[in-house]
>>> print(open('final-v7.txt').read())   # compact mmCIF, C-alpha atoms
# COMPACT_ATOMS: atom_id res chain seq x y z
CA MET O 1 -23.48 2.18 14.32
CA LEU O 2 -22.84 -0.52 11.73
CA LEU O 3 -25.41 -1.66 9.22
CA ALA O 4 -25.25 -4.57 6.80
CA ASP O 5 -28.25 -4.86 4.52
CA GLY O 6 -28.80 -7.84 2.23
CA LEU O 7 -25.13 -8.37 1.39
CA ARG O 8 -24.45 -10.76 -1.46
CA HIS O 9 -21.14 -11.39 -3.14
CA ALA O 10 -19.69 -14.21 -5.21
CA PHE O 11 -16.26 -15.01 -6.57
CA GLY O 12 -17.13 -16.76 -9.81
CA ALA O 13 -19.35 -19.68 -8.89
CA VAL O 14 -18.41 -19.52 -5.22
CA ARG O 15 -20.98 -17.66 -3.15
CA ALA O 16 -19.05 -15.87 -0.41
CA LEU O 17 -21.92 -13.81 1.00
CA ASP O 18 -25.56 -14.73 0.66
CA ASP O 19 -28.12 -12.26 1.99
CA VAL O 20 -26.30 -11.21 5.16
CA SER O 21 -28.06 -8.51 7.17
CA PHE O 22 -27.55 -7.18 10.68
CA THR O 23 -27.27 -3.97 12.64
CA LEU O 24 -24.91 -3.26 15.51
CA LEU O 25 -25.35 -0.38 17.94
CA PRO O 26 -22.65 1.24 20.09
CA GLY O 27 -21.32 -1.20 22.68
CA GLN O 28 -22.31 -4.32 20.75
CA THR O 29 -19.76 -6.96 19.84
CA LEU O 30 -20.74 -9.52 17.24
CA ALA O 31 -18.69 -12.71 17.14
CA VAL O 32 -19.05 -14.48 13.79
CA PHE O 33 -18.08 -18.15 13.92
CA GLY O 34 -17.70 -20.31 10.89
CA PRO O 35 -15.49 -22.95 9.30
CA ASN O 36 -12.79 -22.08 6.76
CA GLY O 37 -14.30 -20.75 3.55
CA ALA O 38 -17.58 -19.71 5.19
CA GLY O 39 -17.18 -16.13 3.93
CA LYS O 40 -16.07 -14.51 7.20
CA THR O 41 -13.14 -12.55 5.76
CA THR O 42 -15.22 -11.47 2.76
CA LEU O 43 -17.86 -10.18 5.16
CA LEU O 44 -15.28 -8.05 6.99
CA LYS O 45 -13.82 -6.76 3.72
CA VAL O 46 -17.28 -5.76 2.52
CA LEU O 47 -18.03 -4.05 5.83
CA ALA O 48 -14.71 -2.20 5.62
CA GLY O 49 -15.35 -1.14 2.03
CA LEU O 50 -12.41 -3.11 0.62
CA ILE O 51 -14.85 -5.12 -1.52
CA ARG O 52 -17.99 -3.64 -3.04
CA PRO O 53 -20.84 -6.15 -2.61
CA GLN O 54 -22.67 -7.22 -5.75
CA VAL O 55 -25.99 -6.77 -3.94
CA GLY O 56 -26.86 -4.88 -0.77
CA HIS O 57 -24.88 -2.31 1.10
CA ALA O 58 -22.93 -1.77 4.29
CA ARG O 59 -22.67 1.45 6.22
CA ILE O 60 -20.44 2.43 9.09
CA GLU O 61 -21.16 5.61 10.98
CA GLY O 62 -18.11 7.81 10.63
CA GLY O 63 -16.91 6.16 7.41
CA ARG O 64 -13.43 4.77 6.85
CA ARG O 65 -11.91 7.05 9.48
CA ALA O 66 -13.95 5.23 12.15
CA VAL O 67 -12.69 1.74 11.27
CA GLY O 68 -9.88 -0.18 12.94
CA TRP O 69 -8.92 -3.37 11.14
CA ILE O 70 -6.91 -6.40 12.16
CA GLY O 71 -6.60 -8.90 9.34
CA HIS O 72 -4.65 -12.04 8.53
CA GLN O 73 -1.61 -9.91 7.75
CA PRO O 74 -0.32 -7.17 10.05
CA GLN O 75 -0.28 -4.36 7.44
CA LEU O 76 3.03 -3.16 8.81
CA TYR O 77 6.24 -2.30 6.96
CA GLY O 78 9.07 -4.64 7.86
CA GLN O 79 11.77 -2.06 7.15
CA LEU O 80 10.26 0.43 9.61
CA THR O 81 10.35 0.23 13.39
CA VAL O 82 7.17 -0.34 15.37
CA ARG O 83 7.09 3.35 16.36
CA GLU O 84 7.69 4.52 12.77
CA ASN O 85 4.85 2.30 11.59
CA LEU O 86 2.49 3.65 14.26
CA ARG O 87 3.46 7.26 13.44
CA PHE O 88 2.94 6.66 9.73
CA TRP O 89 -0.54 5.22 10.21
CA ALA O 90 -1.44 7.89 12.77
CA ALA O 91 -0.39 10.56 10.26
CA LEU O 92 -2.56 8.99 7.53
CA TYR O 93 -5.53 9.22 9.90
CA ASP O 94 -4.60 12.85 10.68
CA VAL O 95 -4.09 12.13 14.38
CA PRO O 96 -2.47 15.30 15.79
CA GLY O 97 1.21 14.84 16.73
CA GLY O 98 0.84 15.16 20.52
CA GLU O 99 -2.25 12.97 20.66
CA GLY O 100 -0.55 10.42 18.40
CA ARG O 101 2.49 10.21 20.71
CA ARG O 102 0.24 9.79 23.74
CA ARG O 103 -1.72 6.94 22.11
CA GLU O 104 1.47 5.39 20.79
CA GLY O 105 2.98 5.33 24.29
CA ALA O 106 -0.21 4.02 25.86
CA LEU O 107 -0.63 1.22 23.31
CA LEU O 108 3.00 0.15 23.38
CA SER O 109 2.84 -0.01 27.16
CA ARG O 110 -0.51 -1.82 27.22
CA LEU O 111 0.57 -4.41 24.65
CA GLY O 112 3.99 -5.03 26.19
CA LEU O 113 5.84 -3.51 23.26
CA GLU O 114 7.71 -0.70 25.03
CA ALA O 115 11.03 -2.52 24.77
CA HIS O 116 10.42 -3.32 21.10
CA GLY O 117 9.19 0.06 19.88
CA ASP O 118 12.47 0.95 18.19
CA ARG O 119 13.03 -2.45 16.58
CA LEU O 120 12.35 -3.11 12.92
CA VAL O 121 9.11 -5.02 12.46
CA ARG O 122 10.86 -7.64 10.31
CA ALA O 123 13.06 -8.50 13.30
CA LEU O 124 10.12 -9.24 15.60
CA SER O 125 8.60 -12.63 16.39
CA ARG O 126 5.15 -13.53 15.02
CA GLY O 127 3.49 -12.79 18.34
CA LEU O 128 5.13 -9.38 18.71
CA VAL O 129 4.19 -8.50 15.12
CA GLN O 130 0.57 -9.36 15.94
CA ARG O 131 0.71 -7.10 19.00
CA ALA O 132 2.12 -4.31 16.81
CA ALA O 133 -0.73 -4.92 14.34
CA ILE O 134 -3.21 -4.47 17.19
CA ALA O 135 -1.51 -1.19 18.14
CA ARG O 136 -1.68 -0.07 14.50
CA ALA O 137 -5.39 -0.86 14.33
CA LEU O 138 -6.11 1.17 17.48
CA ILE O 139 -3.75 4.12 16.97
CA HIS O 140 -6.49 6.37 15.57
CA ASP O 141 -8.97 5.46 18.31
CA PRO O 142 -11.52 3.84 15.97
CA ARG O 143 -15.21 3.60 16.87
CA VAL O 144 -15.69 0.36 14.91
CA LEU O 145 -13.33 -2.62 15.11
CA LEU O 146 -13.26 -5.28 12.41
CA LEU O 147 -11.19 -8.19 13.61
CA ASP O 148 -10.26 -11.23 11.53
CA GLU O 149 -8.79 -14.01 13.69
CA PRO O 150 -7.09 -11.37 15.85
CA PHE O 151 -5.70 -13.81 18.43
CA THR O 152 -3.49 -15.59 15.89
CA GLY O 153 0.09 -15.75 17.14
CA LEU O 154 -0.61 -14.24 20.55
CA ASP O 155 0.60 -16.10 23.62
CA ARG O 156 -1.84 -16.76 26.47
CA MET O 157 -0.94 -13.60 28.42
CA ALA O 158 -1.05 -11.33 25.40
CA ALA O 159 -4.37 -12.85 24.34
CA GLU O 160 -5.79 -12.23 27.83
CA GLU O 161 -4.61 -8.61 27.77
CA PHE O 162 -6.08 -8.14 24.31
CA ARG O 163 -9.42 -9.55 25.50
CA ARG O 164 -9.42 -7.06 28.38
CA LEU O 165 -8.61 -4.25 25.93
CA LEU O 166 -11.48 -5.28 23.65
CA ALA O 167 -13.88 -5.53 26.61
CA GLU O 168 -12.94 -1.96 27.58
CA GLN O 169 -13.51 -0.82 24.02
CA GLY O 170 -16.97 -2.41 24.07
CA ALA O 171 -17.79 -0.82 27.44
CA ASP O 172 -16.73 2.50 25.96
CA GLY O 173 -19.35 2.19 23.21
CA ARG O 174 -17.26 0.80 20.38
CA VAL O 175 -18.82 -1.56 17.88
CA THR O 176 -16.84 -4.73 17.18
CA VAL O 177 -17.19 -7.49 14.63
CA LEU O 178 -14.90 -10.40 15.40
CA VAL O 179 -14.67 -13.32 13.00
CA THR O 180 -12.99 -16.55 13.93
CA HIS O 181 -13.30 -20.30 13.50
CA ASN O 182 -12.39 -20.76 17.16
CA VAL O 183 -15.41 -20.51 19.47
CA GLU O 184 -13.21 -20.30 22.58
CA GLU O 185 -11.57 -17.11 21.39
CA GLY O 186 -14.53 -14.87 20.79
CA THR O 187 -17.36 -16.03 23.02
CA GLU O 188 -16.58 -14.15 26.22
CA LEU O 189 -16.33 -10.82 24.39
CA ALA O 190 -19.51 -11.14 22.37
CA THR O 191 -22.86 -9.55 23.07
CA ASP O 192 -24.19 -11.32 19.95
CA VAL O 193 -23.12 -14.38 18.04
CA ALA O 194 -23.61 -15.46 14.45
CA PHE O 195 -22.84 -18.83 12.89
CA MET O 196 -21.85 -18.63 9.28
CA ARG O 197 -21.80 -21.33 6.63
CA ALA O 198 -21.45 -21.05 2.86
CA GLY O 199 -21.86 -17.27 2.96
CA ARG O 200 -25.05 -17.28 5.05
CA PHE O 201 -25.77 -16.44 8.65
CA VAL O 202 -27.29 -19.74 9.73
CA ARG O 203 -28.10 -18.19 13.11
CA LEU O 204 -27.77 -14.69 14.53
CA GLU O 205 -28.77 -14.22 18.14
CA PRO O 206 -27.81 -12.54 21.42
CA ARG O 207 -25.26 -14.49 23.41
CA ALA O 208 -27.55 -14.11 26.42
CA GLY O 209 -24.86 -14.95 28.96
CA ARG O 210 -24.06 -18.36 27.48
CA GLY O 211 -20.52 -19.63 28.03
CA VAL O 212 -18.08 -21.27 25.64
CA ASP O 213 -19.54 -24.79 26.05
CA ARG O 214 -23.08 -23.80 25.19
CA ILE O 215 -22.02 -21.57 22.30
CA ALA O 216 -19.78 -24.37 20.98
CA ALA O 217 -22.71 -26.80 21.14
CA ALA O 218 -24.99 -24.31 19.38
CA TYR O 219 -22.29 -23.76 16.74
CA ARG O 220 -21.88 -27.47 16.07
CA GLU O 221 -25.62 -27.87 15.80
CA ALA O 222 -26.01 -24.85 13.49
CA ILE O 223 -23.14 -25.75 11.18
CA ALA O 224 -24.06 -29.44 11.00
CA GLY O 225 -27.71 -28.68 10.35
CA GLY O 226 -27.08 -25.60 8.21
CA MET R 1 -6.41 19.50 -2.48
CA ALA R 2 -4.10 20.40 0.42
CA GLU R 3 -5.15 17.21 2.20
CA THR R 4 -4.48 15.12 -0.92
CA LEU R 5 -0.99 16.57 -1.23
CA ARG R 6 -0.30 16.22 2.52
CA HIS R 7 -1.21 12.53 2.46
CA ALA R 8 0.75 12.04 -0.76
CA TRP R 9 3.84 13.52 0.84
CA ARG R 10 3.46 11.27 3.92
CA LEU R 11 3.24 8.21 1.67
CA ALA R 12 6.22 9.30 -0.40
CA ARG R 13 8.27 10.04 2.72
CA LYS R 14 7.51 6.55 4.03
CA ASP R 15 8.59 4.94 0.74
CA LEU R 16 11.79 6.96 0.66
CA LEU R 17 12.60 6.09 4.28
CA ILE R 18 12.17 2.40 3.49
CA GLU R 19 14.33 2.72 0.38
CA PHE R 20 16.94 4.74 2.25
CA ARG R 21 17.07 1.99 4.87
CA SER R 22 17.15 -1.02 2.54
CA ARG R 23 18.97 0.63 -0.42
CA THR R 24 18.03 -2.34 -2.59
CA ALA R 25 16.55 -0.57 -5.60
CA ILE R 26 18.73 2.53 -5.51
CA LEU R 27 21.95 0.49 -5.36
CA SER R 28 20.77 -1.77 -8.18
CA ALA R 29 19.84 1.24 -10.31
CA ALA R 30 23.11 3.06 -9.58
CA VAL R 31 25.23 0.00 -10.42
CA PHE R 32 23.15 -0.60 -13.54
CA THR R 33 23.66 3.02 -14.66
CA VAL R 34 27.42 2.89 -14.18
CA LEU R 35 27.71 -0.47 -15.95
CA VAL R 36 25.59 0.50 -18.95
CA LEU R 37 27.43 3.78 -19.50
CA MET R 38 30.77 2.00 -19.12
CA VAL R 39 29.87 -0.80 -21.52
CA PHE R 40 28.54 1.61 -24.16
CA ASN R 41 31.62 3.79 -23.75
CA PHE R 42 34.06 0.97 -24.35
CA GLY R 43 31.84 -0.81 -26.85
CA ARG R 44 31.61 2.00 -29.38
CA ASP R 45 34.14 2.89 -32.05
CA PRO R 46 34.83 6.67 -31.70
CA THR R 47 36.29 6.83 -35.21
CA ALA R 48 33.14 5.40 -36.79
CA VAL R 49 30.40 7.26 -34.89
CA ALA R 50 30.87 10.56 -33.09
CA ALA R 51 30.01 10.49 -29.39
CA VAL R 52 27.56 13.33 -29.83
CA ASP R 53 25.53 11.23 -32.30
CA LEU R 54 25.32 8.21 -30.06
CA ALA R 55 25.21 9.81 -26.61
CA PRO R 56 21.55 10.97 -26.43
CA SER R 57 20.16 7.49 -27.17
CA ILE R 58 22.52 5.86 -24.69
CA LEU R 59 21.62 8.38 -22.00
CA TRP R 60 17.91 7.69 -22.35
CA VAL R 61 18.22 3.91 -22.62
CA THR R 62 20.17 4.02 -19.37
CA PHE R 63 17.69 6.26 -17.56
CA THR R 64 14.71 4.27 -18.81
CA PHE R 65 15.86 0.89 -17.62
CA ALA R 66 17.24 2.24 -14.35
CA ALA R 67 13.82 3.79 -13.67
CA MET R 68 12.18 0.42 -14.33
CA LEU R 69 13.88 -0.94 -11.20
CA ALA R 70 12.17 1.69 -9.06
CA LEU R 71 8.83 1.24 -10.74
CA ASN R 72 8.90 -2.51 -10.24
CA ARG R 73 9.43 -2.04 -6.53
CA ALA R 74 6.89 0.73 -5.93
CA PHE R 75 3.86 -1.45 -5.22
CA GLN R 76 5.65 -4.65 -4.30
CA LEU R 77 6.45 -2.79 -1.09
CA GLU R 78 2.74 -2.48 -0.32
CA LEU R 79 2.06 -6.17 -0.84
CA GLU R 80 4.37 -7.08 2.02
CA ASN R 81 2.06 -7.81 4.98
CA GLN R 82 -0.88 -6.56 2.88
CA ALA R 83 -0.12 -2.95 3.74
CA LEU R 84 -2.02 -1.98 0.60
CA ASP R 85 -5.30 -3.04 2.26
CA GLY R 86 -4.44 -0.76 5.16
CA LEU R 87 -3.84 2.13 2.75
CA LEU R 88 -7.11 1.47 0.94
CA LEU R 89 -8.93 1.36 4.27
CA ALA R 90 -7.36 4.59 5.54
CA PRO R 91 -9.18 7.89 4.96
CA VAL R 92 -6.79 8.72 2.15
CA SER R 93 -7.96 9.42 -1.39
CA ARG R 94 -6.80 7.16 -4.22
CA ALA R 95 -5.31 10.31 -5.78
CA SER R 96 -3.10 10.69 -2.69
CA LEU R 97 -1.95 7.09 -3.03
CA TYR R 98 -1.07 7.57 -6.67
CA LEU R 99 0.60 10.95 -6.19
CA GLY R 100 2.57 9.65 -3.21
CA LYS R 101 3.93 6.76 -5.25
CA LEU R 102 4.58 9.05 -8.21
CA LEU R 103 6.49 11.49 -6.03
CA ALA R 104 8.61 8.77 -4.39
CA ASN R 105 9.38 7.24 -7.80
CA LEU R 106 10.28 10.63 -9.24
CA ILE R 107 12.68 11.38 -6.39
CA PHE R 108 14.23 7.94 -6.82
CA VAL R 109 14.63 8.41 -10.57
CA ALA R 110 16.00 11.94 -10.05
CA VAL R 111 18.69 10.57 -7.74
CA VAL R 112 19.71 7.99 -10.35
CA GLU R 113 19.71 10.63 -13.09
CA THR R 114 21.75 13.03 -10.94
CA LEU R 115 24.31 10.28 -10.55
CA GLY R 116 24.17 9.22 -14.17
CA LEU R 117 24.49 12.62 -15.84
CA PRO R 118 28.04 13.44 -14.66
CA LEU R 119 29.13 9.89 -15.53
CA PHE R 120 27.59 10.31 -18.96
CA ALA R 121 29.50 13.59 -19.42
CA LEU R 122 32.69 11.89 -18.28
CA PHE R 123 32.45 8.72 -20.37
CA PHE R 124 31.28 10.45 -23.56
CA ASN R 125 33.39 13.56 -23.13
CA VAL R 126 30.34 15.79 -23.50
CA ALA R 127 30.33 19.26 -21.96
CA VAL R 128 26.87 19.44 -20.41
CA LEU R 129 27.49 22.49 -18.22
CA PRO R 130 26.77 25.14 -20.92
CA PHE R 131 23.26 23.76 -21.42
CA VAL R 132 22.64 22.08 -18.10
CA ALA R 133 19.41 24.03 -17.38
CA PRO R 134 17.55 23.10 -20.60
CA LEU R 135 18.91 19.55 -20.37
CA ALA R 136 17.58 19.33 -16.81
CA ALA R 137 14.20 20.54 -18.09
CA VAL R 138 14.19 17.83 -20.79
CA ILE R 139 15.14 15.16 -18.25
CA ALA R 140 12.56 16.37 -15.73
CA LEU R 141 9.69 16.54 -18.22
CA ALA R 142 10.49 13.17 -19.82
CA SER R 143 10.90 11.53 -16.41
CA VAL R 144 7.54 12.82 -15.14
CA GLY R 145 5.89 11.33 -18.24
CA PHE R 146 7.28 7.84 -18.10
CA VAL R 147 7.23 7.62 -14.30
CA ALA R 148 3.56 8.71 -14.32
CA VAL R 149 2.64 5.88 -16.70
CA GLY R 150 5.04 3.48 -15.00
CA THR R 151 3.54 4.10 -11.56
CA LEU R 152 0.09 3.28 -12.92
CA PHE R 153 1.28 0.08 -14.61
CA SER R 154 3.26 -0.86 -11.53
CA ALA R 155 0.00 -0.80 -9.53
CA MET R 156 -1.69 -2.89 -12.24
CA THR R 157 1.00 -5.55 -12.43
CA ALA R 158 2.07 -5.75 -8.77
CA ARG R 159 -0.41 -8.51 -7.94
CA THR R 160 0.35 -10.57 -11.03
CA ARG R 161 2.69 -13.55 -11.05
CA PHE R 162 5.21 -12.11 -13.48
CA ALA R 163 5.13 -8.48 -12.42
CA GLU R 164 8.79 -7.80 -13.20
CA LEU R 165 8.36 -9.15 -16.72
CA LEU R 166 4.95 -7.69 -17.37
CA LEU R 167 5.76 -4.13 -16.36
CA PRO R 168 8.33 -3.43 -19.09
CA VAL R 169 6.19 -5.19 -21.70
CA LEU R 170 3.23 -2.95 -20.91
CA LEU R 171 5.19 0.20 -20.24
CA LEU R 172 7.70 0.37 -23.09
CA PRO R 173 5.15 1.12 -25.86
CA PHE R 174 3.85 4.06 -23.82
CA MET R 175 7.39 5.30 -23.25
CA ILE R 176 8.21 5.53 -26.95
CA PRO R 177 6.79 9.06 -27.55
CA PRO R 178 8.47 10.80 -24.58
CA LEU R 179 11.69 8.88 -25.21
CA ILE R 180 11.83 9.94 -28.86
CA TRP R 181 11.16 13.56 -27.94
CA ALA R 182 13.71 13.46 -25.13
CA VAL R 183 16.36 11.91 -27.40
CA LEU R 184 15.71 14.49 -30.11
CA ALA R 185 15.81 17.37 -27.63
CA THR R 186 19.00 16.04 -26.01
CA ALA R 187 20.63 15.58 -29.42
CA ALA R 188 19.76 19.16 -30.37
CA LEU R 189 21.24 20.46 -27.11
CA LEU R 190 24.43 18.41 -27.47
CA ALA R 191 24.81 19.66 -31.05
CA GLY R 192 24.68 23.23 -29.77
CA ARG R 193 21.43 24.08 -31.55
CA PRO R 194 19.54 27.17 -30.34
CA LEU R 195 17.06 26.71 -27.49
CA SER R 196 14.18 27.67 -29.76
CA GLU R 197 14.68 24.35 -31.57
CA VAL R 198 14.21 22.46 -28.32
CA ALA R 199 11.15 24.39 -27.17
CA GLY R 200 8.80 22.34 -29.34
CA TRP R 201 10.00 19.05 -27.82
CA LEU R 202 9.63 20.52 -24.34
CA ARG R 203 6.05 21.53 -25.10
CA LEU R 204 5.27 18.02 -26.36
CA LEU R 205 6.81 16.48 -23.25
CA GLY R 206 4.81 18.87 -21.06
CA ALA R 207 1.58 17.98 -22.87
CA TYR R 208 2.33 14.25 -22.51
CA ASP R 209 2.88 14.75 -18.77
CA ILE R 210 -0.41 16.60 -18.28
CA VAL R 211 -2.42 14.06 -20.29
CA PHE R 212 -0.91 10.97 -18.69
CA VAL R 213 -0.84 12.21 -15.09
CA ALA R 214 -4.53 13.14 -15.49
CA LEU R 215 -5.35 9.78 -17.12
CA ALA R 216 -3.45 7.89 -14.43
CA LEU R 217 -5.33 9.73 -11.68
CA VAL R 218 -8.61 8.67 -13.30
CA LEU R 219 -7.58 5.05 -13.90
CA PHE R 220 -5.59 4.38 -10.73
CA PRO R 221 -8.56 3.61 -8.41
CA ALA R 222 -9.57 0.73 -10.71
CA THR R 223 -6.09 -0.81 -10.50
CA VAL R 224 -6.07 -1.09 -6.72
CA SER R 225 -9.68 -2.11 -6.04
CA GLU R 226 -10.38 -5.79 -5.39
>>> encode(input="final-v7.txt", output="structure tokens")
Amino acid sequence: MLLADGLRHAFGAVRALDDVSFTLLPGQTLAVFGPNGAGKTTLLKVLAGLIRPQVGHARIEGGRRAVGWIGHQPQLYGQLTVRENLRFWAALYDVPGGEGRRREGALLSRLGLEAHGDRLVRALSRGLVQRAAIARALIHDPRVLLLDEPFTGLDRMAAEEFRRLLAEQGADGRVTVLVTHNVEEGTELATDVAFMRAGRFVRLEPRAGRGVDRIAAAYREAIAGG
Amino acid sequence: MAETLRHAWRLARKDLLIEFRSRTAILSAAVFTVLVLMVFNFGRDPTAVAAVDLAPSILWVTFTFAAMLALNRAFQLELENQALDGLLLAPVSRASLYLGKLLANLIFVAVVETLGLPLFALFFNVAVLPFVAPLAAVIALASVGFVAVGTLFSAMTARTRFAELLLPVLLLPFMIPPLIWAVLATAALLAGRPLSEVAGWLRLLGAYDIVFVALALVLFPATVSE
């Protein structure tokens, strides 16, 4: 479970979060749409505990160990191979050796990285680095996924595969918060959608089976009227 | 405690693997050490000042500035691809992060010192073998002190614009006490004074280490939080 209760945070005079509250139960995926500077990344950082909110609190069942994060940067070491990176992060999350190897193999295979596992991350293309970042985020089998523009750099096939992977995670009871400015990317995965502007949730509602076109129209209406 | 040390070792091992692979800082420090010792050797007038009077200061100036190269790099490594956010998000205590960096920096500095000591003996015609054990104790205790403070300041300055300039400016005043004690202890050893005369300096260095490692452990979380 993930709880955000009355989150407020400002950077100087800029209000990045303004009274944001919501609760997500296992299996729910919240897609947060908003223009640049709406406060989406700050929201994820507060949820993850990287930023302490000035008001309110966030709670994730299972604590930091339960969180998988994909941010703007891959959080990988360029001088290490993809496998070495995955093993390092698995070790930090105390994933047992055998289980870590099994997950590593499964993720590399699933994300089309088997042939690149022993290459240094700095030698990979942007898209392959993003796939490796996804593998890193999932290596400890997190129960909560916090995703910040996770499709950046992925080609169409890799993006499709990643969507399928996220759908499976949701069906398996994971909680996901996906923030993006691109309505097309997150809609199909979401059980709930929120439109964010100037640090506020202008609307937060179930997707209720609506497709990209209707969500895009609702987004335009919410952001313009916000 | 065991978990803190286990995570610290995993972090240190990762840093050392990256350094072993890139060899950027270790090569710079090694070349710097050789050059400084060589320049001081040929720059001094042996008829005016005896080597034994000059050697302790030169040894410690060399070690200090060589160590600065490692300290500068310690947290820069974590800024690449925002790996630091990943570390802060992982279920790893801030103490583990600090101790991991401290350990990696100490090993790095020890390698440079192990290389520099024989060169120092060669260039200054000083027989270090008869008192190599107490000299090693002086070097170890002094190194722990200034690397402990340096690791903390490295975390503080890593995200600033002029990190490489700022680190020495902040660090050097804190290095003065251990450096003075280390120079005095080394001078006493080189002059063939009894070990009892050095014991006081060793105790001071030990006390400095305990105080500043403890202080750094308390202050470190504030240096890495956003």
>>> atom_distance(input="final-v7.txt", atom1="atom CA of Leu97 of chain R", atom2="atom CA of Leu84 of chain R")
9.8 Å
>>> interface_residues(input="final-v7.txt", of="chain O", to="chain R", cutoff="8 Å", atoms="all atoms listed in the file", output="PyMOL selection string")
chain O and resi 48-51+64-65+67+69+73-80+88+91-93
>>> residues_around(input="final-v7.txt", residues="segment 169-185 of chain O", least_positions_apart="6", cutoff="9 Å", atoms="only C-alpha atoms", output="ChimeraX atom specification")
/O:1-2,24-36,40-41,44,142-151,159,163,212-213,215-216,219
>>> write_last_selection(input="final-v7.txt", atoms="C-alpha atoms", output="compact mmCIF listing (two decimals), in the frame of the given file")
# COMPACT_ATOMS: atom_id res chain seq x y z
CA MET O 1 -23.48 2.18 14.32
CA LEU O 2 -22.84 -0.52 11.73
CA LEU O 24 -24.91 -3.26 15.51
CA LEU O 25 -25.35 -0.38 17.94
CA PRO O 26 -22.65 1.24 20.09
CA GLY O 27 -21.32 -1.20 22.68
CA GLN O 28 -22.31 -4.32 20.75
CA THR O 29 -19.76 -6.96 19.84
CA LEU O 30 -20.74 -9.52 17.24
CA ALA O 31 -18.69 -12.71 17.14
CA VAL O 32 -19.05 -14.48 13.79
CA PHE O 33 -18.08 -18.15 13.92
CA GLY O 34 -17.70 -20.31 10.89
CA PRO O 35 -15.49 -22.95 9.30
CA ASN O 36 -12.79 -22.08 6.76
CA LYS O 40 -16.07 -14.51 7.20
CA THR O 41 -13.14 -12.55 5.76
CA LEU O 44 -15.28 -8.05 6.99
CA PRO O 142 -11.52 3.84 15.97
CA ARG O 143 -15.21 3.60 16.87
CA VAL O 144 -15.69 0.36 14.91
CA LEU O 145 -13.33 -2.62 15.11
CA LEU O 146 -13.26 -5.28 12.41
CA LEU O 147 -11.19 -8.19 13.61
CA ASP O 148 -10.26 -11.23 11.53
CA GLU O 149 -8.79 -14.01 13.69
CA PRO O 150 -7.09 -11.37 15.85
CA PHE O 151 -5.70 -13.81 18.43
CA ALA O 159 -4.37 -12.85 24.34
CA ARG O 163 -9.42 -9.55 25.50
CA VAL O 212 -18.08 -21.27 25.64
CA ASP O 213 -19.54 -24.79 26.05
CA ILE O 215 -22.02 -21.57 22.30
CA ALA O 216 -19.78 -24.37 20.98
CA TYR O 219 -22.29 -23.76 16.74
>>> atom_distance(input="final-v7.txt", atom1="atom CA of Val82 of chain O", atom2="atom CA of Leu113 of chain O")
8.6 Å
>>> residues_around(input="final-v7.txt", residues="segment 25-34 of chain R", least_positions_apart="6", cutoff="10 Å", atoms="all atoms listed in the file", output="list in words")
Glu19, Leu59, Val61, Thr62, Phe63, Thr64, Phe65, Ala66, Ala67, Met68, Leu69, Ala70, Leu71, Asn72, Arg73, Ala74, Phe108, Val109, Val111, Val112, Glu113, Leu115, Gly116, Leu117, Leu119, Phe120 and Phe123 of chain R
>>> write_last_selection(input="final-v7.txt", atoms="C-alpha atoms", output="short mmCIF file (atom, residue, chain, number, x, y, z; two decimals), in the coordinates of the input")
data_model
loop_
_atom_site.label_atom_id
_atom_site.label_comp_id
_atom_site.auth_asym_id
_atom_site.auth_seq_id
_atom_site.Cartn_x
_atom_site.Cartn_y
_atom_site.Cartn_z
CA GLU R 19 14.33 2.72 0.38
CA LEU R 59 21.62 8.38 -22.00
CA VAL R 61 18.22 3.91 -22.62
CA THR R 62 20.17 4.02 -19.37
CA PHE R 63 17.69 6.26 -17.56
CA THR R 64 14.71 4.27 -18.81
CA PHE R 65 15.86 0.89 -17.62
CA ALA R 66 17.24 2.24 -14.35
CA ALA R 67 13.82 3.79 -13.67
CA MET R 68 12.18 0.42 -14.33
CA LEU R 69 13.88 -0.94 -11.20
CA ALA R 70 12.17 1.69 -9.06
CA LEU R 71 8.83 1.24 -10.74
CA ASN R 72 8.90 -2.51 -10.24
CA ARG R 73 9.43 -2.04 -6.53
CA ALA R 74 6.89 0.73 -5.93
CA PHE R 108 14.23 7.94 -6.82
CA VAL R 109 14.63 8.41 -10.57
CA VAL R 111 18.69 10.57 -7.74
CA VAL R 112 19.71 7.99 -10.35
CA GLU R 113 19.71 10.63 -13.09
CA LEU R 115 24.31 10.28 -10.55
CA GLY R 116 24.17 9.22 -14.17
CA LEU R 117 24.49 12.62 -15.84
CA LEU R 119 29.13 9.89 -15.53
CA PHE R 120 27.59 10.31 -18.96
CA PHE R 123 32.45 8.72 -20.37
#
>>> closest_residue(input="final-v7.txt", among="O:Gly39, O:Gly211, O:Gly63, O:Gly100", to="Gly199 of chain O", atoms="only C-alpha atoms")
O:Gly39
>>> atom_distance(input="final-v7.txt", atom1="atom CA of Thr186 of chain R", atom2="atom CA of Thr151 of chain R")
24.3 Å
>>> closest_residue(input="final-v7.txt", among="R:Leu152, R:Ala214, R:Leu103, R:Ile139", to="Ala185 of chain R", atoms="all atoms listed in the file")
R:Ile139
>>> residues_near_point(input="final-v7.txt", point="(-29.4, -13.4, 6.7)", cutoff="12 Å", atoms="all atoms listed in the file", output="list in words")
Ala4, Asp5, Gly6, Leu7, Arg8, Leu17, Asp18, Asp19, Val20, Ser21, Phe22, Thr23, Gly56, Ala194, Phe195, Met196, Arg197, Ala198, Gly199, Arg200, Phe201, Val202, Arg203, Leu204 and Glu205 of chain O
>>> residues_around(input="final-v7.txt", residues="Asp141 of chain O", least_positions_apart="4", cutoff="9 Å", atoms="all atoms listed in the file", output="MDAnalysis selection string")
chainID O and resid 66:68 103 137
